[in-house]
Every structure is written in C-alpha cells, then in structure tokens.
file entry.txt (compact mmCIF, C-alpha atoms and all ligand atoms)
# COMPACT_ATOMS: atom_id res chain seq x y z
CA MET A 1 -85.91 22.50 -162.30
CA VAL A 2 -82.61 22.44 -160.46
CA PHE A 3 -81.34 19.92 -157.94
CA ILE A 4 -78.64 20.95 -155.50
CA LEU A 5 -76.62 17.90 -154.56
CA LYS A 6 -75.38 16.94 -151.13
CA PRO A 7 -71.67 17.54 -150.58
CA ASN A 8 -69.17 14.90 -151.76
CA VAL A 9 -71.47 12.81 -153.94
CA GLY A 10 -69.37 10.51 -156.13
CA LYS A 11 -69.16 10.91 -159.91
CA GLU A 12 -70.78 7.53 -160.58
CA LYS A 13 -73.91 8.44 -158.69
CA ILE A 14 -74.11 11.80 -160.44
CA ASP A 15 -73.68 10.19 -163.87
CA LYS A 16 -76.39 7.62 -163.07
CA PHE A 17 -78.79 10.36 -161.91
CA ILE A 18 -78.16 12.38 -165.10
CA LEU A 19 -78.57 9.30 -167.33
CA GLU A 20 -81.91 8.45 -165.73
CA TRP A 21 -83.30 11.89 -166.56
CA GLU A 22 -81.83 11.96 -170.04
CA GLN A 23 -83.46 8.58 -170.74
CA LYS A 24 -86.77 10.19 -169.78
CA GLY A 25 -86.18 12.79 -172.50
CA PHE A 26 -84.78 15.70 -170.49
CA SER A 27 -81.55 17.45 -171.24
CA THR A 28 -79.36 18.44 -168.30
CA ILE A 29 -76.82 21.02 -167.23
CA ASN A 30 -74.29 19.80 -164.69
CA SER A 31 -72.82 22.79 -162.91
CA VAL A 32 -69.98 22.26 -160.46
CA GLY A 33 -69.65 25.27 -158.15
CA THR A 34 -67.35 26.06 -155.26
CA GLU A 35 -70.17 25.62 -152.73
CA HIS A 36 -72.15 22.84 -154.38
CA THR A 37 -72.95 20.89 -157.52
CA ALA A 38 -76.24 21.63 -159.25
CA ILE A 39 -78.03 19.61 -161.91
CA CYS A 40 -80.60 21.42 -163.97
CA LEU A 41 -83.28 19.61 -165.96
CA ILE A 42 -84.47 21.14 -169.20
CA GLY A 43 -87.72 20.00 -170.75
CA ASN A 44 -91.29 19.70 -169.60
CA THR A 45 -90.70 19.58 -165.84
CA ALA A 46 -94.27 20.61 -164.95
CA GLU A 47 -95.29 16.98 -164.43
CA ILE A 48 -92.40 16.15 -162.10
CA ASP A 49 -93.24 15.77 -158.41
CA LEU A 50 -90.30 17.72 -156.98
CA ASP A 51 -90.78 16.64 -153.35
CA HIS A 52 -91.02 12.99 -154.36
CA VAL A 53 -87.75 13.16 -156.34
CA VAL A 54 -85.92 14.84 -153.45
CA GLN A 55 -87.29 12.44 -150.82
CA THR A 56 -86.48 9.30 -152.80
CA SER A 57 -82.96 10.28 -153.81
CA ASP A 58 -79.92 9.84 -151.60
CA ILE A 59 -77.84 12.41 -153.46
CA ILE A 60 -80.10 15.49 -153.53
CA ASP A 61 -79.97 18.09 -150.81
CA PHE A 62 -82.89 20.13 -152.17
CA GLY A 63 -84.63 21.04 -155.41
CA LYS A 64 -86.14 24.23 -156.86
CA ARG A 65 -88.28 25.11 -159.81
CA ILE A 66 -86.68 27.74 -162.02
CA THR A 67 -89.30 30.20 -163.14
CA GLU A 68 -87.08 31.92 -165.69
CA GLN A 69 -86.80 30.50 -169.20
CA TYR A 70 -83.04 30.91 -169.22
CA LYS A 71 -81.19 28.10 -167.48
CA ALA A 72 -77.52 27.95 -168.48
CA VAL A 73 -76.96 31.66 -167.83
CA ASN A 74 -79.07 31.61 -164.66
CA ARG A 75 -77.28 32.21 -161.38
CA THR A 76 -79.58 29.72 -159.67
CA VAL A 77 -78.10 26.97 -161.86
CA HIS A 78 -74.52 28.25 -161.95
CA GLU A 79 -73.66 30.02 -158.71
CA ASP A 80 -70.05 31.06 -159.40
CA ASP A 81 -69.25 34.15 -161.43
CA THR A 82 -67.97 33.41 -164.91
CA ILE A 83 -64.60 35.03 -165.46
CA ILE A 84 -63.53 35.30 -169.07
CA ARG A 85 -59.82 35.16 -169.81
CA ILE A 86 -58.08 36.47 -172.88
CA GLY A 87 -54.40 35.75 -172.32
CA ASP A 88 -53.62 37.45 -169.01
CA ILE A 89 -56.65 39.74 -169.18
CA SER A 90 -59.76 38.89 -167.18
CA ILE A 91 -63.34 40.08 -167.51
CA GLY A 92 -65.81 39.36 -164.72
CA GLU A 93 -66.50 39.88 -161.01
CA GLY A 94 -63.55 41.35 -159.15
CA PHE A 95 -62.13 43.07 -162.23
CA PHE A 96 -62.89 46.36 -163.95
CA THR A 97 -61.69 45.90 -167.50
CA ILE A 98 -61.60 48.73 -170.00
CA ILE A 99 -62.14 48.27 -173.73
CA ALA A 100 -61.45 51.38 -175.79
CA GLY A 101 -60.99 52.50 -179.35
CA PRO A 102 -62.76 54.21 -182.21
CA CYS A 103 -66.29 53.50 -183.31
CA SER A 104 -64.82 52.57 -186.65
CA VAL A 105 -61.39 51.62 -187.93
CA GLU A 106 -60.61 54.29 -190.51
CA SER A 107 -56.94 53.97 -191.44
CA LYS A 108 -53.73 52.25 -190.36
CA GLU A 109 -52.41 55.46 -188.81
CA GLN A 110 -55.66 56.22 -187.00
CA ILE A 111 -56.06 52.83 -185.35
CA LEU A 112 -52.40 52.60 -184.43
CA GLU A 113 -52.25 56.04 -182.82
CA ILE A 114 -55.43 55.31 -180.85
CA ALA A 115 -54.32 51.82 -179.84
CA LYS A 116 -50.97 53.02 -178.50
CA SER A 117 -52.53 55.88 -176.60
CA VAL A 118 -55.41 53.96 -174.97
CA LYS A 119 -52.99 51.20 -174.02
CA ASN A 120 -50.76 53.77 -172.37
CA SER A 121 -53.75 55.04 -170.44
CA GLY A 122 -54.54 51.54 -169.15
CA ALA A 123 -57.07 50.10 -171.60
CA LYS A 124 -56.74 46.33 -171.83
CA ILE A 125 -58.62 45.61 -175.08
CA LEU A 126 -58.88 47.51 -178.36
CA ARG A 127 -62.27 48.02 -179.99
CA GLY A 128 -62.88 49.04 -183.59
CA GLY A 129 -65.72 48.37 -185.98
CA ALA A 130 -64.71 47.16 -189.43
CA PHE A 131 -68.24 46.28 -190.53
CA LYS A 132 -70.62 48.98 -189.35
CA PRO A 133 -74.37 48.58 -188.89
CA ARG A 134 -75.66 52.01 -189.96
CA THR A 135 -79.20 53.34 -189.96
CA SER A 136 -78.69 54.86 -193.39
CA PRO A 137 -77.47 52.76 -196.32
CA TYR A 138 -75.78 55.94 -197.61
CA ALA A 139 -73.69 56.40 -194.44
CA PHE A 140 -70.11 55.10 -194.14
CA GLN A 141 -70.37 51.31 -193.87
CA GLY A 142 -66.91 50.61 -192.47
CA THR A 143 -63.53 49.70 -193.91
CA LYS A 144 -64.56 46.02 -193.85
CA VAL A 145 -61.88 43.43 -194.64
CA GLU A 146 -59.15 46.10 -194.85
CA GLY A 147 -60.31 47.40 -191.46
CA LEU A 148 -59.82 43.94 -189.97
CA GLU A 149 -56.31 43.89 -191.40
CA MET A 150 -55.60 47.30 -189.81
CA LEU A 151 -56.84 45.98 -186.48
CA ARG A 152 -54.61 42.93 -186.83
CA GLN A 153 -51.64 45.23 -187.39
CA ALA A 154 -52.53 47.33 -184.33
CA LYS A 155 -52.77 44.16 -182.26
CA LYS A 156 -49.39 43.03 -183.51
CA GLU A 157 -47.76 46.34 -182.62
CA THR A 158 -49.40 46.89 -179.23
CA GLY A 159 -50.27 43.39 -178.02
CA LEU A 160 -53.83 44.55 -177.29
CA PRO A 161 -56.51 41.91 -177.93
CA LEU A 162 -59.27 42.94 -180.29
CA VAL A 163 -63.03 43.24 -180.19
CA SER A 164 -64.94 43.88 -183.41
CA GLU A 165 -68.51 43.44 -184.57
CA MET A 166 -69.52 40.46 -186.70
CA MET A 167 -72.62 41.31 -188.69
CA ASN A 168 -73.56 37.88 -189.96
CA GLN A 169 -72.48 34.27 -189.86
CA THR A 170 -70.79 34.32 -193.27
CA GLN A 171 -68.00 36.43 -191.68
CA VAL A 172 -66.70 33.80 -189.25
CA ASP A 173 -63.50 33.06 -191.18
CA LEU A 174 -62.63 36.75 -191.42
CA PHE A 175 -62.66 37.04 -187.63
CA GLU A 176 -59.96 34.48 -186.92
CA ASP A 177 -57.62 37.06 -185.35
CA VAL A 178 -60.36 38.95 -183.53
CA ASP A 179 -60.24 37.91 -179.88
CA ILE A 180 -63.78 38.88 -178.87
CA VAL A 181 -66.64 38.83 -181.36
CA GLN A 182 -69.17 41.59 -180.81
CA ILE A 183 -72.82 41.04 -181.59
CA GLY A 184 -74.30 44.49 -181.90
CA ALA A 185 -77.54 45.85 -180.48
CA ARG A 186 -79.32 45.52 -183.81
CA ASN A 187 -78.41 41.85 -184.03
CA MET A 188 -79.20 40.85 -180.45
CA GLN A 189 -82.11 38.71 -181.62
CA ASN A 190 -80.55 37.42 -184.83
CA TYR A 191 -80.93 33.84 -183.71
CA ASP A 192 -78.91 32.28 -186.54
CA LEU A 193 -76.00 34.58 -185.68
CA LEU A 194 -76.37 33.74 -181.97
CA LYS A 195 -76.29 30.01 -182.75
CA THR A 196 -73.18 30.49 -184.87
CA ALA A 197 -71.58 32.49 -182.03
CA GLY A 198 -72.31 29.47 -179.87
CA THR A 199 -70.03 27.35 -182.03
CA LEU A 200 -67.05 29.74 -181.81
CA LYS A 201 -64.16 29.09 -179.47
CA LYS A 202 -63.84 32.69 -178.36
CA PRO A 203 -65.69 35.15 -176.13
CA ILE A 204 -68.79 36.91 -177.44
CA LEU A 205 -69.66 40.47 -176.45
CA LEU A 206 -73.44 40.58 -176.66
CA LYS A 207 -74.94 44.07 -176.68
CA ARG A 208 -78.46 44.70 -175.46
CA GLY A 209 -80.90 45.62 -178.21
CA LEU A 210 -82.26 49.14 -178.42
CA ALA A 211 -85.69 48.04 -177.26
CA ASN A 212 -85.08 44.71 -175.60
CA THR A 213 -85.94 43.67 -172.09
CA ILE A 214 -83.44 42.23 -169.62
CA ASP A 215 -85.08 38.82 -170.00
CA GLU A 216 -84.72 38.99 -173.78
CA LEU A 217 -81.02 39.83 -173.43
CA LEU A 218 -80.58 36.83 -171.15
CA MET A 219 -82.47 34.58 -173.57
CA SER A 220 -80.15 35.70 -176.37
CA ALA A 221 -77.18 34.83 -174.18
CA GLU A 222 -78.86 31.48 -173.50
CA TYR A 223 -78.86 30.82 -177.28
CA ILE A 224 -75.08 31.24 -177.37
CA VAL A 225 -74.35 29.22 -174.22
CA SER A 226 -76.76 26.41 -175.09
CA SER A 227 -75.10 26.18 -178.52
CA GLY A 228 -71.79 25.39 -176.81
CA ASN A 229 -70.03 28.66 -176.00
CA ASP A 230 -70.18 29.70 -172.34
CA GLN A 231 -67.89 32.71 -172.80
CA VAL A 232 -70.44 35.50 -173.06
CA ILE A 233 -70.05 39.09 -171.89
CA LEU A 234 -73.23 41.13 -171.66
CA CYS A 235 -73.19 44.82 -172.52
CA GLU A 236 -75.73 47.46 -171.49
CA ARG A 237 -75.48 50.23 -174.08
CA GLY A 238 -78.60 52.29 -173.45
CA ILE A 239 -82.17 51.66 -174.50
CA ARG A 240 -84.61 53.76 -176.44
CA THR A 241 -87.02 55.76 -174.29
CA PHE A 242 -89.15 58.89 -174.72
CA GLU A 243 -86.08 61.01 -173.91
CA THR A 244 -84.61 62.89 -176.84
CA LEU A 245 -81.75 64.86 -175.27
CA THR A 246 -79.59 61.77 -174.98
CA ARG A 247 -79.05 59.26 -177.79
CA ASN A 248 -80.36 56.47 -175.55
CA THR A 249 -81.11 56.07 -171.84
CA LEU A 250 -78.45 54.18 -169.90
CA ASP A 251 -80.28 51.53 -167.89
CA LEU A 252 -78.07 51.19 -164.84
CA SER A 253 -80.70 49.25 -162.93
CA ALA A 254 -80.35 46.57 -165.62
CA VAL A 255 -76.67 46.28 -164.76
CA ALA A 256 -77.35 45.75 -161.05
CA LEU A 257 -80.17 43.31 -161.80
CA LEU A 258 -78.18 41.36 -164.40
CA LYS A 259 -75.42 40.85 -161.85
CA GLN A 260 -78.00 39.14 -159.62
CA LYS A 261 -79.77 37.14 -162.31
CA THR A 262 -76.76 35.80 -164.18
CA HIS A 263 -73.20 34.68 -163.52
CA LEU A 264 -72.00 36.23 -166.80
CA PRO A 265 -69.86 39.39 -166.79
CA VAL A 266 -71.72 42.64 -167.45
CA ILE A 267 -70.07 45.68 -168.95
CA VAL A 268 -71.39 49.12 -169.89
CA ASP A 269 -70.98 51.16 -173.05
CA PRO A 270 -71.53 54.76 -171.91
CA SER A 271 -70.67 56.17 -175.35
CA HIS A 272 -73.63 54.75 -177.30
CA ALA A 273 -75.86 55.24 -174.26
CA ALA A 274 -75.21 58.98 -174.08
CA GLY A 275 -74.33 59.99 -177.61
CA ILE A 276 -72.68 63.03 -176.02
CA ARG A 277 -68.99 63.14 -175.13
CA SER A 278 -69.36 65.14 -171.91
CA LEU A 279 -71.71 62.52 -170.45
CA VAL A 280 -69.31 59.63 -170.94
CA PRO A 281 -67.12 60.24 -167.83
CA PRO A 282 -70.01 60.56 -165.34
CA LEU A 283 -71.80 57.53 -166.80
CA ALA A 284 -68.58 55.52 -166.77
CA LYS A 285 -68.12 56.25 -163.07
CA ALA A 286 -71.76 55.44 -162.37
CA ALA A 287 -71.38 52.08 -164.13
CA LEU A 288 -68.48 51.17 -161.87
CA ALA A 289 -70.44 52.23 -158.79
CA VAL A 290 -73.44 50.10 -159.75
CA GLY A 291 -71.37 46.94 -160.13
CA ALA A 292 -70.38 46.69 -163.80
CA ASP A 293 -67.36 44.53 -164.59
CA GLY A 294 -65.94 46.92 -167.14
CA LEU A 295 -66.59 49.49 -169.83
CA MET A 296 -66.42 49.83 -173.56
CA ILE A 297 -65.61 53.44 -174.47
CA GLU A 298 -65.25 55.11 -177.84
CA ALA A 299 -62.03 57.10 -178.08
CA HIS A 300 -60.64 58.82 -181.19
CA ASN A 301 -57.50 60.74 -182.10
CA ASN A 302 -59.59 63.38 -183.87
CA PRO A 303 -63.26 63.12 -182.86
CA ALA A 304 -64.25 66.15 -184.97
CA LYS A 305 -63.16 64.26 -188.10
CA ALA A 306 -64.38 60.79 -187.07
CA LEU A 307 -66.27 58.96 -189.81
CA CYS A 308 -68.68 57.57 -187.25
CA ASP A 309 -69.92 58.62 -183.78
CA GLY A 310 -67.48 61.53 -183.30
CA ALA A 311 -69.88 63.42 -181.01
CA GLN A 312 -69.74 60.67 -178.40
CA SER A 313 -66.04 59.88 -178.74
CA LEU A 314 -63.55 61.08 -176.16
CA ASP A 315 -60.32 62.46 -177.49
CA LEU A 316 -57.20 60.66 -176.30
CA ASP A 317 -56.43 63.17 -173.52
CA GLN A 318 -59.98 63.04 -172.23
CA PHE A 319 -59.77 59.26 -172.24
CA ALA A 320 -56.49 59.37 -170.31
CA SER A 321 -57.90 61.62 -167.62
CA LEU A 322 -61.06 59.52 -167.27
CA MET A 323 -58.84 56.46 -166.78
CA LYS A 324 -57.06 58.20 -163.89
CA GLU A 325 -60.39 58.91 -162.21
CA LEU A 326 -61.59 55.35 -162.75
CA LYS A 327 -58.41 53.87 -161.35
CA VAL A 328 -58.92 55.58 -157.98
CA ARG A 329 -62.55 54.49 -157.87
CA ALA A 330 -61.84 50.91 -158.92
CA GLU A 331 -59.45 50.61 -155.98
CA ILE A 332 -62.16 51.80 -153.60
CA GLU A 333 -64.48 49.15 -155.06
CA ASN A 334 -61.75 46.53 -154.62
CA LYS A 335 -61.60 45.74 -158.30
CA ILE A 336 -58.52 44.91 -160.31
CA PHE A 337 -58.22 47.68 -162.89
C1 LIG B 401 -70.69 49.61 -181.71
O1 LIG B 401 -70.35 49.31 -180.56
O2 LIG B 401 -69.89 49.84 -182.61
C2 LIG B 401 -72.12 49.66 -182.04
C3 LIG B 401 -72.54 49.74 -183.29
O3 LIG B 401 -72.92 49.66 -180.97
P1 LIG B 401 -74.45 49.20 -180.80
O4 LIG B 401 -74.59 47.88 -181.47
O5 LIG B 401 -74.60 49.15 -179.32
O6 LIG B 401 -75.27 50.28 -181.43
MN MN B 402 -70.21 53.77 -182.42

call {"tool": "encode", "arguments": {"input": "entry.txt", "output": "structure tokens"}}
result
Amino acid sequence: MVFILKPNVGKEKIDKFILEWEQKGFSTINSVGTEHTAICLIGNTAEIDLDHVVQTSDIIDFGKRITEQYKAVNRTVHEDDTIIRIGDISIGEGFFTIIAGPCSVESKEQILEIAKSVKNSGAKILRGGAFKPRTSPYAFQGTKVEGLEMLRQAKKETGLPLVSEMMNQTQVDLFEDVDIVQIGARNMQNYDLLKTAGTLKKPILLKRGLANTIDELLMSAEYIVSSGNDQVILCERGIRTFETLTRNTLDLSAVALLKQKTHLPVIVDPSHAAGIRSLVPPLAKAALAVGADGLMIEAHNNPAKALCDGAQSLDLDQFASLMKELKVRAEIENKIF
C-alpha cells in the first residue's frame, strides 16, 4: 500500500506517520520524488481500511494498493527514474550508455587492444568475464583471478570502468576494483548472491534468467534493493523459446514494459540474445528504438579465435561502425550517447 503525501508536509509529521506504522509491525519505504513524496507500507496490508486512513490523516493526498509483490523497484512507489553514476558516466533514462568488450578476458594484450578500440569508438564501460558460467564443465572456465588483474590493468590504461560477472558471494573481495558487478542469467534467482549484492556499495547489473518472467526479474531486483543497494541495472539478454535459429529470443516487449513498471535503468544485451554476429546491429538499433537505456555488446579483436562466444562477437571494425549508426539514432531519440 502506498500513500502519496500532500505537498509541503513537514519532516516531523512524516516521521510521526512512519513511526506509527512501524510500531504496528509494518516496514516502510519513504520515497521523495520531484512531484511528490510517497510512503509505502510493507507487510500484511490486507486488513487496513485504506479510505479510513486517508480520510483521518491530514498529510495524505491519496492512497493506493500495490498489486505487485515488488515495492522498492516499483514505479508506483518511486516515480523518478533512477540514474546510476559511475564517475562521470550515467546509466538511466535520457542516456544511451554502451558497455562493450569480450565475452571473456583471455590475455593482457587481448583485453588492452579491445579496451582501447571500443573506447575510441565511444563505449563508456568495459565488459569482460573472468569467471565464466559455462554449460559444460569441460569448456573454458575463464582466466579467473588473473583475468581480473588484466581487467584492472586495462582500466588503468584506458580509464574505462569495468563490469564483470561475480559467480558467488565468496568472490566479493576479488571484485574490489570492478565498478559494476554482473549477476548472470544463470544466477538471477541465486537469492544468497542477490542478498550479498544488496550489501555492496556499487552498481549491480542483473541479467534476466533464460526462462524467467518479467515479474521474477523484478523480484530479484527487489532482493538487492531491499537488502540495501538501490543501484541496480536490469538487462534483457534474450529468453529461451521454441525458436532454434537464434541462440535466444530477444524480448523487446519486456524492455518497454520494464520501463513502465520500474524506475531502474534497463539495458539490452543483443549478443547473447542473438548468438549470431550479423543480428547484433539490427537488434542493438531496435533496443534503442524501444526505449532501452543502453547496450552491452560483445566485441573481440579476433572473434574467430575467441575462447568464448566468438560467433556472436563483433570484430572491432564492426563495433566501430555500429557505434556510428547508434550515435545518429541516439540523437534522434534525444539521448546522451
Ligand atoms: C555474459 O554476459 O558474459 C554472460 C555469461 O551472459 P548471460 O549470463 O546473459 O548468459
Ligand atoms: Mn558471452
């Protein structure tokens, strides 16, 4: 249940209102927006007589029941778009922020060449998996701790912030220099990892699971935010359908719907969605058109030799020309690129 307060209610009255509900056993979210302040009650609100509360309070403008289970990430509770800042880089409404890099960090030379090139093309953040979640235990599992060191070096030389996937909560200390922690599709419902992510003081890139609904993605984000970290970026990366010609099916309607349902930034990963290099540029442009706040794209200096996901990786020239096309389109959409 959410109460929208009248304009200019003093802090003391708000604090008193919150305390009264907390003493009755509810927890609260106090969300101060540009248009209004909202107070959301969490707990068993079924018994509350909404009209009675509104009529007997001098600070409430109106109240609403929230049908969704997610509260903190719900746009009804928090009307303003969340913009995530990493130094002078922003991710969220009004921006179109590009993350690029290889599926996997392979060597110092590889990550450095890619980092310099994608930066030159306009990418703002460098991606690279050091710990790789692979379907087969016999497949390349990543360069692990050394990979993180290579990423650190690439960050030092290029200034690009880093995003890399954390596979479990024992890895927290290793990720000190990683600017955005990725929680991969396979871990979207690893609730212990989500709760740990909620204790971190850095943004979390939460990828949608292969077979998870939009509501489930939002509930996973709710785990992170309700554990104390409100810097969450959602990522649509394709879901599993009956289709076999593409690796996954990019759910662009989810992107448009997520932008309505939540205030969190939503980005698209066209590389894992398609699994096919030639589909990445059209899907990237479609993501921008449908309202995404950015993209995460796999780019490699030698896709044919990539240790992971070469078939869906753009080479560095292809990435550069896609960036030119996106720049023109981002301007039309009035987004800072
Ligand atoms: C990745 O981005 O490196 C990755 C493994 O993606 P996903 O979790 O979406 O499969
Ligand atoms: Mn990959």

call {"tool": "closest_residue", "arguments": {"input": "entry.txt", "among": "A:Asp61, A:Glu79, A:Asp309, A:Glu149", "to": "A:Leu112", "atoms": "all atoms listed in the file"}}
result
A:Glu149

call {"tool": "atom_distance", "arguments": {"input": "entry.txt", "atom1": "atom CA of A:Ser104", "atom2": "atom CA of A:Thr241"}}
result
25.6 Å

call {"tool": "atom_distance", "arguments": {"input": "entry.txt", "atom1": "atom CA of A:Met167", "atom2": "atom CA of A:Phe131"}}
result
6.9 Å

call {"tool": "residues_near_point", "arguments": {"input": "entry.txt", "point": "(-62.3, 61.0, -181.8)", "cutoff": "9 Å", "atoms": "all atoms listed in the file", "output": "list of chain:residue names"}}
result
A:Gly101, A:Pro102, A:Cys103, A:Ile114, A:Glu298, A:Ala299, A:His300, A:Asn301, A:Asn302, A:Pro303, A:Ala304, A:Lys305, A:Ala306, A:Asp309, A:Gly310, A:Ala311, A:Gln312, A:Ser313, A:Leu314, A:Asp315, A:Leu316

call {"tool": "closest_residue", "arguments": {"input": "entry.txt", "among": "A:Pro265, A:Gly228, A:Pro203, A:Gly275", "to": "A:Ile86", "atoms": "all atoms listed in the file"}}
result
A:Pro203

call {"tool": "atom_distance", "arguments": {"input": "entry.txt", "atom1": "atom CA of A:Ile183", "atom2": "atom CA of A:Leu206"}}
result
5.0 Å

call {"tool": "closest_residue", "arguments": {"input": "entry.txt", "among": "A:Asp317, A:Glu22, A:Asp230, A:Glu68", "to": "A:His263", "atoms": "all atoms listed in the file"}}
result
A:Asp230

call {"tool": "build_atoms", "arguments": {"input": "entry.txt", "residues": "stretch 45-64 of chain A", "atoms": "N, CA, C and O atoms", "output": "tab-separated table (two decimals), in the coordinates of the input"}}
result
chain	number	residue	atom	x	y	z
A	45	THR	N	-90.86	20.03	-167.24
A	45	THR	CA	-90.70	19.58	-165.84
A	45	THR	C	-91.98	19.78	-165.03
A	45	THR	O	-92.01	19.43	-163.85
A	46	ALA	N	-93.03	20.30	-165.68
A	46	ALA	CA	-94.27	20.61	-164.95
A	46	ALA	C	-94.86	19.37	-164.28
A	46	ALA	O	-95.44	19.44	-163.20
A	47	GLU	N	-94.68	18.22	-164.93
A	47	GLU	CA	-95.29	16.98	-164.43
A	47	GLU	C	-94.48	16.33	-163.29
A	47	GLU	O	-94.95	15.40	-162.66
A	48	ILE	N	-93.26	16.81	-163.09
A	48	ILE	CA	-92.40	16.15	-162.10
A	48	ILE	C	-92.83	16.53	-160.69
A	48	ILE	O	-93.07	17.71	-160.40
A	49	ASP	N	-92.93	15.52	-159.83
A	49	ASP	CA	-93.24	15.77	-158.41
A	49	ASP	C	-91.90	16.02	-157.69
A	49	ASP	O	-91.17	15.09	-157.33
A	50	LEU	N	-91.60	17.31	-157.51
A	50	LEU	CA	-90.30	17.72	-156.98
A	50	LEU	C	-90.01	17.08	-155.61
A	50	LEU	O	-88.93	16.53	-155.38
A	51	ASP	N	-91.00	17.17	-154.71
A	51	ASP	CA	-90.78	16.64	-153.35
A	51	ASP	C	-90.48	15.14	-153.39
A	51	ASP	O	-89.61	14.66	-152.67
A	52	HIS	N	-91.21	14.44	-154.26
A	52	HIS	CA	-91.02	12.99	-154.36
A	52	HIS	C	-89.58	12.67	-154.82
A	52	HIS	O	-88.92	11.80	-154.25
A	53	VAL	N	-89.12	13.42	-155.82
A	53	VAL	CA	-87.75	13.16	-156.34
A	53	VAL	C	-86.73	13.41	-155.23
A	53	VAL	O	-85.82	12.60	-155.00
A	54	VAL	N	-86.89	14.50	-154.51
A	54	VAL	CA	-85.92	14.84	-153.45
A	54	VAL	C	-85.95	13.78	-152.35
A	54	VAL	O	-84.90	13.30	-151.90
A	55	GLN	N	-87.17	13.40	-151.94
A	55	GLN	CA	-87.29	12.44	-150.82
A	55	GLN	C	-86.76	11.05	-151.17
A	55	GLN	O	-86.25	10.33	-150.31
A	56	THR	N	-86.87	10.66	-152.44
A	56	THR	CA	-86.48	9.30	-152.80
A	56	THR	C	-85.04	9.21	-153.30
A	56	THR	O	-84.59	8.14	-153.69
A	57	SER	N	-84.34	10.33	-153.32
A	57	SER	CA	-82.96	10.28	-153.81
A	57	SER	C	-82.00	10.42	-152.63
A	57	SER	O	-82.26	11.19	-151.69
A	58	ASP	N	-80.88	9.69	-152.69
A	58	ASP	CA	-79.92	9.84	-151.60
A	58	ASP	C	-78.81	10.84	-151.94
A	58	ASP	O	-77.89	11.04	-151.15
A	59	ILE	N	-78.92	11.47	-153.11
A	59	ILE	CA	-77.84	12.41	-153.46
A	59	ILE	C	-78.29	13.88	-153.49
A	59	ILE	O	-77.47	14.78	-153.56
A	60	ILE	N	-79.61	14.11	-153.43
A	60	ILE	CA	-80.10	15.49	-153.53
A	60	ILE	C	-80.27	16.11	-152.15
A	60	ILE	O	-80.85	15.51	-151.25
A	61	ASP	N	-79.76	17.34	-152.05
A	61	ASP	CA	-79.97	18.09	-150.81
A	61	ASP	C	-81.36	18.76	-150.88
A	61	ASP	O	-82.19	18.59	-150.02
A	62	PHE	N	-81.56	19.55	-151.95
A	62	PHE	CA	-82.89	20.13	-152.17
A	62	PHE	C	-83.08	20.44	-153.65
A	62	PHE	O	-82.12	20.41	-154.44
A	63	GLY	N	-84.32	20.71	-154.02
A	63	GLY	CA	-84.63	21.04	-155.41
A	63	GLY	C	-85.44	22.32	-155.50
A	63	GLY	O	-86.07	22.72	-154.52
A	64	LYS	N	-85.39	22.98	-156.66
A	64	LYS	CA	-86.14	24.23	-156.86
A	64	LYS	C	-86.68	24.26	-158.27
A	64	LYS	O	-86.00	23.77	-159.20
